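Some notes on the structure that comes next.
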Amino acid sequence: MSASIEFLPVILAGVVLTIQLTLFGTLLALVTAFAVGFARLSNLNWLRVGARLFMEFFRGTSMVVQLFWAYFVLPLFGVSLTPFEAGVLVLGLNSGAYMSEIVRGGMLALPLEQFEACIALNLGRWQRLKYVLLPQALPLMIPPFSNSIIEILKSTSVVSLISLSEITFRAQTVRAQTGDAIVPFITILIVYLCLAGMLSQIMRLVERRFRSTSSVRT
């Protein structure tokens, strides 16, 4: 165990990469979620069907298999990704597929009168979203978004399977070198718990900000 403690800085050095994966994966997931979510609300049948197929594909297949495809199979078709790029791509698209239902549900939860008022005021599509619909829908979306972002954080451990040196990969390396599993895995358990707590607190602040802004507008 004493040998494992000496390797703690090595494990903790992977925290930066874990945070980067979470950040970029979340950004891609949000873009994907809104694109797919709005596509599923579209009046165009081909767009709705395409979005539904995208969502079902990423929700219905294993993230591990998706990661292996992104890193090992895509190069066979001329698309080569670094481990970091493959990790961000899969985290973002997989989580975005789930989060698209949050977007769709948040928009459908708005009272029908809001849509009718937008039409009565002759507002354009983007004006409806920017000034009326999104300010009311976003506060409804943020709590489930918080859970999804924490899931992205926890899912970053999957990228250790393609030798990306985040904290889980480093903990496994220390365990293999020292034969001790207690210290490295307790360490990453505490790290994930602390990072999840920080994310949860940040999202609470964001939710409070959006709710206060929404109440002021109404």
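In the structure tokens, the first chain shown is A, the next is B, and so on; residue numbers restart at 1 for each chain, and ligands run from 1 in the order shown.
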Among the residues of region 108-212 of chain A, find those DSSP assigns to alpha helix (DSSP H) from the backbone and print them as an NGL selection string.
-> :A and (108 or 112-120 or 125-127 or 134-155 or 167-178 or 182-212)
Please report, as CSV, each residue of region 10-118 of chain A lying at most 8 Å from region 163-175 of chain A, together with the nearest pair of atoms and the separation in Å rounded to one decimal; use only C-alpha atoms, and order rows by chain and ascending residue number.
```
residue,atom,partner,partner_atom,distance
A:Val10,CA,A:Arg170,CA,7.0
A:Ile11,CA,A:Arg170,CA,5.2
A:Leu12,CA,A:Ile167,CA,6.5
A:Ala13,CA,A:Ile167,CA,7.4
A:Gly14,CA,A:Glu166,CA,4.3
A:Val15,CA,A:Ile167,CA,5.8
A:Val16,CA,A:Glu166,CA,7.9
A:Leu17,CA,A:Glu166,CA,5.5
A:Thr18,CA,A:Glu166,CA,5.5
A:Pro83,CA,A:Leu164,CA,6.0
A:Phe84,CA,A:Leu164,CA,6.9
```
If we count only C-alpha atoms, what is near Leu67 (chain A) at a cut-off of 10 Å, once residues fewer than 6 positions away on the same chain are taken out, given as number ranges by chain?
-> A: 73, 83, 86-91, 94, 158-159, 161-162
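Of the residues listed (A:Phe115, A:Glu101, A:Ser146, A:Ile188), A:Phe115 shows the shortest atom-to-atom separation from Tyr131 (chain A); distances use only C-alpha atoms.
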Rows by chain and residue number, region 50-159 of chain A within 9 Å of region 21-44 of chain A, shortest pair, only C-alpha atoms, as a Markdown table:
```
| residue | atom | partner | partner_atom | distance |
| --- | --- | --- | --- | --- |
| A:Gly50 | CA | A:Ala39 | CA | 8.3 |
| A:Ala51 | CA | A:Val36 | CA | 5.4 |
| A:Arg52 | CA | A:Arg40 | CA | 6.7 |
| A:Phe54 | CA | A:Val36 | CA | 8.1 |
| A:Met55 | CA | A:Val36 | CA | 7.7 |
| A:Phe84 | CA | A:Leu21 | CA | 7.5 |
| A:Gly87 | CA | A:Leu21 | CA | 7.2 |
| A:Val88 | CA | A:Gly25 | CA | 4.8 |
| A:Leu89 | CA | A:Gly25 | CA | 7.0 |
| A:Val90 | CA | A:Gly25 | CA | 8.0 |
| A:Leu91 | CA | A:Gly25 | CA | 5.3 |
| A:Gly92 | CA | A:Ala29 | CA | 4.1 |
| A:Leu93 | CA | A:Ala29 | CA | 5.8 |
| A:Asn94 | CA | A:Ala29 | CA | 7.6 |
| A:Ser95 | CA | A:Ala29 | CA | 5.6 |
| A:Gly96 | CA | A:Ala29 | CA | 4.0 |
| A:Ala97 | CA | A:Ala33 | CA | 6.1 |
| A:Tyr98 | CA | A:Ala33 | CA | 7.5 |
| A:Met99 | CA | A:Ala33 | CA | 5.2 |
| A:Ser100 | CA | A:Ala33 | CA | 3.9 |
| A:Glu101 | CA | A:Gly37 | CA | 6.2 |
| A:Ile102 | CA | A:Gly37 | CA | 7.8 |
| A:Val103 | CA | A:Gly37 | CA | 5.3 |
| A:Arg104 | CA | A:Gly37 | CA | 4.9 |
| A:Gly105 | CA | A:Gly37 | CA | 8.6 |
| A:Met107 | CA | A:Leu41 | CA | 8.7 |
| A:Leu108 | CA | A:Leu41 | CA | 8.8 |
| A:Phe145 | CA | A:Leu30 | CA | 8.9 |
| A:Ser148 | CA | A:Thr26 | CA | 8.8 |
| A:Ile149 | CA | A:Thr26 | CA | 6.3 |
| A:Ile150 | CA | A:Thr22 | CA | 8.6 |
| A:Ile152 | CA | A:Thr22 | CA | 6.0 |
| A:Leu153 | CA | A:Thr22 | CA | 5.2 |
| A:Lys154 | CA | A:Thr22 | CA | 8.7 |
| A:Ser155 | CA | A:Thr22 | CA | 8.7 |
| A:Thr156 | CA | A:Leu21 | CA | 6.6 |
```
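The two atoms in question, CA of Ile202 (chain A) and CA of Gln20 (chain A), are spaced 16.2 Å apart.
Atom to atom, CA of Ala137 (chain A) and CA of Ala196 (chain A) stand 24.5 Å apart.
The space separating CA of Cys118 (chain A) from CA of Gln136 (chain A) comes to 13.2 Å.
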Find, counting only C-alpha atoms, the residue in A:Val79, A:Val64, A:Leu110, A:Val183 that gets nearest to Leu134 (chain A).
-> A:Leu110
